[in-house]
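Below: the structure, in structure tokens.
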2 protein chains.
Amino acid sequence: MRGSKSGYALGGHDHKPLYAQVRDLIRDNIQRGDWGPGKLLPNEFELGRQLGVSQGTVRKALDLLARDQIVIRQQGRGTFVNQHTPAEVLFRFFQFRDEHGERVVPTSRAIHTRRGKATRLEADRLELATGAPVIRHVRVRAHDDRPFVYETLVLPEALFSGLGRDGKLPNTLYDRFQKEFGITVDHADEQIGTQAADGQAARMLDIAVGTPLMRIDRRTIAIDGAVIEWRVSLCHMAGLHYAVRVG
Amino acid sequence: MRGSKSGYALGGHDHKPLYAQVRDLIRDNIQRGDWGPGKLLPNEFELGRQLGVSQGTVRKALDLLARDQIVIRQQGRGTFVNQHTPAEVLFRFFQFRDEHGERVVPTSRAIHTRRGKATRLEADRLELATGAPVIRHVRVRAHDDRPFVYETLVLPEALFSGLGRDGKLPNTLYDRFQKEFGITVDHADEQIGTQAADGQAARMLDIAVGTPLMRIDRRTIAIDGAVIEWRVSLCHMAGLHYAVRVG
DNA sequence: GAGTGGTCTAGACCACCCT
DNA sequence: GGGTGGTCTAGACCACTCT
């Protein structure tokens, strides 16, 4: 057993459980692009046969991947690689709500996109070497024609070569990350604080200098654990709030 | 099968899977206090025998409860009802960090505790009838002798009769909820926004009127789904941030 | 009807904890 | 050494989807 009949390298000398090895193998296949977004995976028995493990072990691996939203399981249809859509990404990662608790659907206006070398701070946050090439994108997001988010995105050029060469980035980035660069987003870690609007932010958000803003410092993590984005958003929260769950 | 041999009411006419029925039954036992915090549960085979289901089904139920942190499983020892400790509760629900990303351990100073009838807003947030008896507690929390959170807690009197009669509430409430009132916290939903300090907040936090504050509006939910607390915190974030994970 | 994931069972062996 | 949870397997049946 233990995958000896398989072309894959299961078993080996580590002590990870079989189901964890199967999960990692499938996840790596997806991360490498061998199985693209939306693709139907082989069924549980077929995967088990290929890997030399039982169907129950494959099931446990797939259940873990489904929990992390890396695959989608549908009874009677099969198991599919999760395909990020603009709507789904917005739902997962854009948590602004209005006074009635309704989700805010923002528009986006690019200010500029520029390439440069990572500062010490940027390198630290993106886990790059200082001076590594990065892409910086600045934009303003609006709701009901009122600008309310002024944000700077910093991306490692190595992961996104060519992105935004035409000066334009889409409203929702994460689905494009997956489609064009094979990078699937897992989650984002955020540090939330406050700060008063400086001149630049006040101009961009059409508010008075000194207006209280919410500052969201986000690091976005891919399913292989790599940091793929650092984003600082200054938000004018009048009538809005940011919804999170803790515990 | 299907629990016909058991004194418990498994099976019945609903279509919930067996493992979900087992999970709910165990969770209800805990919520009712039949199995108190820290108690060792019967082992998987014994539970299965009592309920007339297989060990594998019990295992699936317990795994779900462990995922929700309602029980703690320890290989070689057994499965225990999760016991909220002040440290664990602070770790799960108090997400302020300092500039180095280190967790902030706050002190607490009570301003007052008063009883009253729920306003429309309070009733709405706590899912009570307007006029239902509530307990209101106001306090200031400090870090390194600097006050940084001024907050008002509103609790349904029906759930916490007698709480704070002596005018004092502990620094961490949620472990006391469990120990003294048999209420186990599941999670909290928060709405985060900003506002400028008014006179009262400025006085309490020793800052100037108009200083940007973070406003956290938290509703705390028990494992049976009941809303057990509404809390509004005004936070002076100088040098601090609030850490959350999204996605 | 064929194929898929979802549930449930039964049994084996392993890793870990305690005494 | 005895008891516990953790892993893995094998097989049965059910619910759902598609053709």
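Convention: chains lettered A, B, ... in structure tokens order; per-chain residue numbering from 1; ligands numbered from 1 as shown.
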
Distance query DA12 in chain C at most 12 Å, only C-alpha atoms (C1' of nucleotides), self and fewer than 5 positions along chain excluded, as a short mmCIF file (atom, residue, chain, number, x, y, z; two decimals) with C-alpha atoms (C1' of nucleotides), in the first residue's frame:
```cif
data_model
loop_
_atom_site.label_atom_id
_atom_site.label_comp_id
_atom_site.auth_asym_id
_atom_site.auth_seq_id
_atom_site.Cartn_x
_atom_site.Cartn_y
_atom_site.Cartn_z
"C1'" DT D 7 -5.69 6.98 10.98
"C1'" DC D 8 -6.93 3.86 7.36
"C1'" DT D 9 -9.55 0.52 5.06
"C1'" DA D 10 -13.71 -1.89 3.04
#
```

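Near DT7 in chain C, within 10 Å and counting only C-alpha atoms (C1' of nucleotides), sit Pro17, Leu18, Tyr19 and Thr57 of chain B; DT9 of chain C; DC13, DC14 and DA15 of chain D; same-chain residues fewer than 2 positions away were not included.
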
Restricting it to N, CA and C atoms (P, O5', C5', C4', C3', O3' and C1' of nucleotides), dump the selection as a PDB file, in the first residue's frame.
```pdb
ATOM      1  N   PRO B  17     -28.861  14.332   9.271  1.00  0.00           N
ATOM      2  CA  PRO B  17     -27.995  13.153   9.378  1.00  0.00           C
ATOM      3  C   PRO B  17     -27.807  12.756  10.847  1.00  0.00           C
ATOM      4  N   LEU B  18     -27.553  11.464  11.041  1.00  0.00           N
ATOM      5  CA  LEU B  18     -27.364  10.950  12.392  1.00  0.00           C
ATOM      6  C   LEU B  18     -26.285  11.725  13.143  1.00  0.00           C
ATOM      7  N   TYR B  19     -25.127  11.958  12.475  1.00  0.00           N
ATOM      8  CA  TYR B  19     -24.026  12.597  13.191  1.00  0.00           C
ATOM      9  C   TYR B  19     -24.420  14.002  13.643  1.00  0.00           C
ATOM     10  N   THR B  57     -19.738   7.399  13.763  1.00  0.00           N
ATOM     11  CA  THR B  57     -20.720   8.481  13.747  1.00  0.00           C
ATOM     12  C   THR B  57     -20.497   9.415  14.938  1.00  0.00           C
TER      13      THR B  57
ATOM     14  P    DT C   9     -24.395   4.181  12.434  1.00  0.00           P
ATOM     15  O5'  DT C   9     -23.605   2.910  11.923  1.00  0.00           O
ATOM     16  C5'  DT C   9     -24.265   1.937  11.124  1.00  0.00           C
ATOM     17  C4'  DT C   9     -23.277   0.904  10.653  1.00  0.00           C
ATOM     18  C3'  DT C   9     -22.399   0.326  11.774  1.00  0.00           C
ATOM     19  O3'  DT C   9     -22.721  -1.047  11.963  1.00  0.00           O
ATOM     20  C1'  DT C   9     -21.126   0.876   9.818  1.00  0.00           C
TER      21       DT C   9
ATOM     22  P    DC D  13     -26.923  -3.115   0.640  1.00  0.00           P
ATOM     23  O5'  DC D  13     -27.503  -1.649   0.831  1.00  0.00           O
ATOM     24  C5'  DC D  13     -27.864  -1.203   2.125  1.00  0.00           C
ATOM     25  C4'  DC D  13     -27.970   0.311   2.098  1.00  0.00           C
ATOM     26  C3'  DC D  13     -28.925   0.851   1.017  1.00  0.00           C
ATOM     27  O3'  DC D  13     -29.984   1.548   1.667  1.00  0.00           O
ATOM     28  C1'  DC D  13     -26.891   2.090   1.130  1.00  0.00           C
ATOM     29  P    DC D  14     -31.168   2.157   0.780  1.00  0.00           P
ATOM     30  O5'  DC D  14     -30.900   3.720   0.864  1.00  0.00           O
ATOM     31  C5'  DC D  14     -30.546   4.319   2.102  1.00  0.00           C
ATOM     32  C4'  DC D  14     -30.206   5.787   1.877  1.00  0.00           C
ATOM     33  C3'  DC D  14     -31.163   6.501   0.929  1.00  0.00           C
ATOM     34  O3'  DC D  14     -31.556   7.735   1.514  1.00  0.00           O
ATOM     35  C1'  DC D  14     -28.936   6.776   0.194  1.00  0.00           C
ATOM     36  P    DA D  15     -32.639   8.658   0.769  1.00  0.00           P
ATOM     37  O5'  DA D  15     -31.753   9.756   0.049  1.00  0.00           O
ATOM     38  C5'  DA D  15     -30.938  10.620   0.827  1.00  0.00           C
ATOM     39  C4'  DA D  15     -30.385  11.718  -0.065  1.00  0.00           C
ATOM     40  C3'  DA D  15     -31.418  12.359  -0.997  1.00  0.00           C
ATOM     41  O3'  DA D  15     -31.108  13.741  -1.085  1.00  0.00           O
ATOM     42  C1'  DA D  15     -29.711  11.367  -2.293  1.00  0.00           C
TER      43       DA D  15
END
```

Interface residues on chain B facing chain C, 6 Å, only C-alpha atoms (C1' of nucleotides), written as number ranges by chain: B: 75-77

Take the residues from that selection and write them out as a PDB file, in the first residue's frame, keeping all heavy atoms.
```pdb
ATOM      1  N   GLN B  75      -5.579  13.182  22.460  1.00  0.00           N
ATOM      2  CA  GLN B  75      -5.211  11.794  22.197  1.00  0.00           C
ATOM      3  C   GLN B  75      -4.646  11.160  23.464  1.00  0.00           C
ATOM      4  O   GLN B  75      -3.787  11.735  24.121  1.00  0.00           O
ATOM      5  CB  GLN B  75      -4.187  11.723  21.069  1.00  0.00           C
ATOM      6  CG  GLN B  75      -3.844  10.314  20.672  1.00  0.00           C
ATOM      7  CD  GLN B  75      -2.971  10.230  19.425  1.00  0.00           C
ATOM      8  OE1 GLN B  75      -2.302   9.257  19.216  1.00  0.00           O
ATOM      9  NE2 GLN B  75      -3.001  11.239  18.609  1.00  0.00           N
ATOM     10  N   GLY B  76      -5.139   9.976  23.785  1.00  0.00           N
ATOM     11  CA  GLY B  76      -4.655   9.257  24.951  1.00  0.00           C
ATOM     12  C   GLY B  76      -5.351   9.636  26.248  1.00  0.00           C
ATOM     13  O   GLY B  76      -5.216   8.942  27.252  1.00  0.00           O
ATOM     14  N   ARG B  77      -6.067  10.779  26.260  1.00  0.00           N
ATOM     15  CA  ARG B  77      -6.725  11.222  27.497  1.00  0.00           C
ATOM     16  C   ARG B  77      -8.239  11.143  27.395  1.00  0.00           C
ATOM     17  O   ARG B  77      -8.885  10.504  28.243  1.00  0.00           O
ATOM     18  CB  ARG B  77      -6.317  12.658  27.847  1.00  0.00           C
ATOM     19  CG  ARG B  77      -4.813  12.828  28.023  1.00  0.00           C
ATOM     20  CD  ARG B  77      -4.457  13.554  29.298  1.00  0.00           C
ATOM     21  NE  ARG B  77      -5.013  14.895  29.355  1.00  0.00           N
ATOM     22  CZ  ARG B  77      -5.602  15.403  30.448  1.00  0.00           C
ATOM     23  NH1 ARG B  77      -5.726  14.681  31.528  1.00  0.00           N
ATOM     24  NH2 ARG B  77      -6.069  16.637  30.438  1.00  0.00           N
TER      25      ARG B  77
END
```

Filtered DSSP result for range 52-212 of chain A, state helix (DSSP H, G or I), as a PyMOL selection string: chain A and resi 55-67+86-93+120-126+174-181+199-205

Just C-alpha atoms for this one: save the residues we selected as a PDB file, in the first residue's frame.
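Saved to again_32.pdb:
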```
ATOM      1  CA  GLN A  55     -11.722   6.162  -1.119  1.00  0.00           C
ATOM      2  CA  GLY A  56     -12.251   7.169   2.513  1.00  0.00           C
ATOM      3  CA  THR A  57      -8.805   8.732   2.693  1.00  0.00           C
ATOM      4  CA  VAL A  58      -9.399  10.672  -0.521  1.00  0.00           C
ATOM      5  CA  ARG A  59     -12.724  11.826   0.898  1.00  0.00           C
ATOM      6  CA  LYS A  60     -11.084  13.194   4.023  1.00  0.00           C
ATOM      7  CA  ALA A  61      -8.531  15.084   1.919  1.00  0.00           C
ATOM      8  CA  LEU A  62     -11.243  16.535  -0.347  1.00  0.00           C
ATOM      9  CA  ASP A  63     -13.382  17.526   2.642  1.00  0.00           C
ATOM     10  CA  LEU A  64     -10.468  19.538   4.021  1.00  0.00           C
ATOM     11  CA  LEU A  65      -9.948  21.249   0.661  1.00  0.00           C
ATOM     12  CA  ALA A  66     -13.667  22.006   0.466  1.00  0.00           C
ATOM     13  CA  ARG A  67     -13.560  23.540   3.957  1.00  0.00           C
ATOM     14  CA  PRO A  86     -15.775  38.797  -9.190  1.00  0.00           C
ATOM     15  CA  ALA A  87     -19.020  38.454  -7.194  1.00  0.00           C
ATOM     16  CA  GLU A  88     -17.736  35.654  -4.980  1.00  0.00           C
ATOM     17  CA  VAL A  89     -14.451  37.446  -4.289  1.00  0.00           C
ATOM     18  CA  LEU A  90     -16.260  40.670  -3.447  1.00  0.00           C
ATOM     19  CA  PHE A  91     -18.516  38.715  -1.102  1.00  0.00           C
ATOM     20  CA  ARG A  92     -15.607  37.100   0.705  1.00  0.00           C
ATOM     21  CA  PHE A  93     -13.167  39.986   0.937  1.00  0.00           C
ATOM     22  CA  ARG A 120      12.321  48.267   3.585  1.00  0.00           C
ATOM     23  CA  LEU A 121       8.762  48.491   4.862  1.00  0.00           C
ATOM     24  CA  GLU A 122       7.263  47.053   1.679  1.00  0.00           C
ATOM     25  CA  ALA A 123       9.819  44.259   1.582  1.00  0.00           C
ATOM     26  CA  ASP A 124       9.064  43.427   5.199  1.00  0.00           C
ATOM     27  CA  ARG A 125       5.337  43.297   4.673  1.00  0.00           C
ATOM     28  CA  LEU A 126       5.561  41.297   1.436  1.00  0.00           C
ATOM     29  CA  TYR A 174      -8.361  38.392  -6.846  1.00  0.00           C
ATOM     30  CA  ASP A 175     -10.287  36.616  -9.587  1.00  0.00           C
ATOM     31  CA  ARG A 176      -7.788  38.004 -12.089  1.00  0.00           C
ATOM     32  CA  PHE A 177      -4.901  36.803  -9.945  1.00  0.00           C
ATOM     33  CA  GLN A 178      -6.264  33.300 -10.336  1.00  0.00           C
ATOM     34  CA  LYS A 179      -7.263  33.451 -13.991  1.00  0.00           C
ATOM     35  CA  GLU A 180      -4.189  35.199 -15.368  1.00  0.00           C
ATOM     36  CA  PHE A 181      -1.439  34.270 -12.932  1.00  0.00           C
ATOM     37  CA  GLY A 199      -4.106  66.666   2.733  1.00  0.00           C
ATOM     38  CA  GLN A 200      -3.787  63.971   0.101  1.00  0.00           C
ATOM     39  CA  ALA A 201      -6.496  61.723   1.581  1.00  0.00           C
ATOM     40  CA  ALA A 202      -8.787  64.717   2.132  1.00  0.00           C
ATOM     41  CA  ARG A 203      -8.421  65.707  -1.524  1.00  0.00           C
ATOM     42  CA  MET A 204      -9.042  62.196  -2.786  1.00  0.00           C
ATOM     43  CA  LEU A 205     -12.054  61.552  -0.567  1.00  0.00           C
TER      44      LEU A 205
END
```

Those in range 130-168 of chain B with strand (DSSP E) from DSSP, as a PyMOL selection string: chain B and resi 133-143+146-156

Counting only C-alpha atoms, chain A residues within 9 Å of chain B, as a PyMOL selection string: chain A and resi 89+91-95+97+185-196+210-214+236-247

Keeping only N, CA and C atoms, write the selected residues as a short mmCIF file (atom, residue, chain, number, x, y, z; two decimals), in the first residue's frame.
```cif
data_model
loop_
_atom_site.label_atom_id
_atom_site.label_comp_id
_atom_site.auth_asym_id
_atom_site.auth_seq_id
_atom_site.Cartn_x
_atom_site.Cartn_y
_atom_site.Cartn_z
N VAL A 89 -15.60 36.82 -4.94
CA VAL A 89 -14.45 37.45 -4.29
C VAL A 89 -14.88 38.68 -3.51
N PHE A 91 -17.75 39.20 -2.25
CA PHE A 91 -18.52 38.71 -1.10
C PHE A 91 -17.59 38.28 0.03
N ARG A 92 -16.50 37.63 -0.32
CA ARG A 92 -15.61 37.10 0.70
C ARG A 92 -14.70 38.15 1.31
N PHE A 93 -14.24 39.11 0.48
CA PHE A 93 -13.17 39.99 0.94
C PHE A 93 -13.53 41.45 1.08
N PHE A 94 -14.73 41.82 0.66
CA PHE A 94 -15.10 43.23 0.78
C PHE A 94 -16.23 43.33 1.80
N GLN A 95 -15.92 43.81 2.99
CA GLN A 95 -16.83 43.64 4.12
C GLN A 95 -17.51 44.93 4.56
N ARG A 97 -20.44 47.51 4.94
CA ARG A 97 -21.91 47.46 4.92
C ARG A 97 -22.45 48.87 5.16
N VAL A 185 -6.19 32.96 -3.99
CA VAL A 185 -6.18 33.63 -2.69
C VAL A 185 -6.78 32.73 -1.63
N ASP A 186 -6.15 32.71 -0.45
CA ASP A 186 -6.69 31.91 0.65
C ASP A 186 -7.40 32.80 1.67
N HIS A 187 -6.69 33.80 2.18
CA HIS A 187 -7.30 34.69 3.16
C HIS A 187 -6.48 35.97 3.23
N ALA A 188 -6.96 36.92 4.06
CA ALA A 188 -6.22 38.16 4.28
C ALA A 188 -6.15 38.44 5.77
N ASP A 189 -4.98 38.89 6.23
CA ASP A 189 -4.81 39.32 7.62
C ASP A 189 -4.82 40.84 7.64
N GLU A 190 -5.67 41.40 8.49
CA GLU A 190 -5.82 42.85 8.50
C GLU A 190 -5.50 43.44 9.87
N GLN A 191 -4.92 44.63 9.84
CA GLN A 191 -4.71 45.41 11.06
C GLN A 191 -5.51 46.69 10.90
N ILE A 192 -6.48 46.88 11.79
CA ILE A 192 -7.39 48.01 11.65
C ILE A 192 -7.09 49.06 12.71
N GLY A 193 -7.01 50.30 12.27
CA GLY A 193 -6.78 51.40 13.20
C GLY A 193 -7.49 52.65 12.69
N THR A 194 -7.17 53.77 13.30
CA THR A 194 -7.77 55.03 12.86
C THR A 194 -6.66 56.02 12.56
N GLN A 195 -6.96 56.99 11.71
CA GLN A 195 -6.07 58.13 11.57
C GLN A 195 -6.84 59.29 11.00
N ALA A 196 -6.34 60.48 11.24
CA ALA A 196 -7.00 61.67 10.71
C ALA A 196 -6.56 61.88 9.26
N GLY A 210 -8.25 66.23 8.63
CA GLY A 210 -8.51 65.95 10.03
C GLY A 210 -9.72 65.07 10.26
N THR A 211 -10.51 64.82 9.23
CA THR A 211 -11.66 63.92 9.37
C THR A 211 -11.18 62.54 9.82
N PRO A 212 -11.86 61.92 10.80
CA PRO A 212 -11.45 60.58 11.25
C PRO A 212 -11.64 59.55 10.14
N LEU A 213 -10.56 58.79 9.88
CA LEU A 213 -10.63 57.73 8.88
C LEU A 213 -10.29 56.39 9.53
N MET A 214 -10.80 55.34 8.92
CA MET A 214 -10.38 54.01 9.34
C MET A 214 -9.23 53.61 8.42
N HIS A 236 -13.34 56.53 4.67
CA HIS A 236 -14.24 57.50 5.29
C HIS A 236 -15.55 56.78 5.56
N MET A 237 -15.84 56.51 6.84
CA MET A 237 -16.86 55.53 7.19
C MET A 237 -18.26 56.12 7.38
N ALA A 238 -18.47 57.39 7.04
CA ALA A 238 -19.77 58.01 7.31
C ALA A 238 -20.92 57.12 6.84
N GLY A 239 -21.72 56.66 7.79
CA GLY A 239 -22.88 55.84 7.45
C GLY A 239 -22.54 54.40 7.11
N LEU A 240 -21.25 54.06 7.13
CA LEU A 240 -20.85 52.69 6.78
C LEU A 240 -20.16 52.03 7.97
N HIS A 241 -20.05 50.72 7.90
CA HIS A 241 -19.22 50.01 8.87
C HIS A 241 -18.58 48.81 8.21
N TYR A 242 -17.62 48.25 8.92
CA TYR A 242 -16.86 47.10 8.43
C TYR A 242 -17.27 45.92 9.28
N ALA A 243 -17.72 44.83 8.66
CA ALA A 243 -18.28 43.71 9.41
C ALA A 243 -17.25 42.59 9.54
N VAL A 244 -17.01 42.17 10.77
CA VAL A 244 -16.09 41.05 11.00
C VAL A 244 -16.69 40.13 12.04
N ARG A 245 -16.17 38.93 12.05
CA ARG A 245 -16.57 37.94 13.05
C ARG A 245 -15.34 37.55 13.83
N VAL A 246 -15.44 37.52 15.15
CA VAL A 246 -14.29 37.10 15.97
C VAL A 246 -14.66 35.89 16.81
N GLY A 247 -13.64 35.13 17.19
CA GLY A 247 -13.86 33.93 18.00
C GLY A 247 -14.01 32.72 17.14
#
```

Å distance separating CA of Gln83 in chain B from CA of Pro170 in chain B, one decimal place: 17.0 Å

Sorted by chain and rising residue number, which residues of chain D lie within 8 Å of chain B, and what are their closest atom pairs and distances in Å to one decimal, counting only C-alpha atoms (C1' of nucleotides), as JSON lines?
```
{"residue": "D:DG3", "atom": "C1'", "partner": "B:Gly76", "partner_atom": "CA", "distance": 7.3}
{"residue": "D:DT4", "atom": "C1'", "partner": "B:Gly76", "partner_atom": "CA", "distance": 4.1}
{"residue": "D:DG5", "atom": "C1'", "partner": "B:Gln75", "partner_atom": "CA", "distance": 4.3}
{"residue": "D:DG6", "atom": "C1'", "partner": "B:Gln75", "partner_atom": "CA", "distance": 7.4}
```
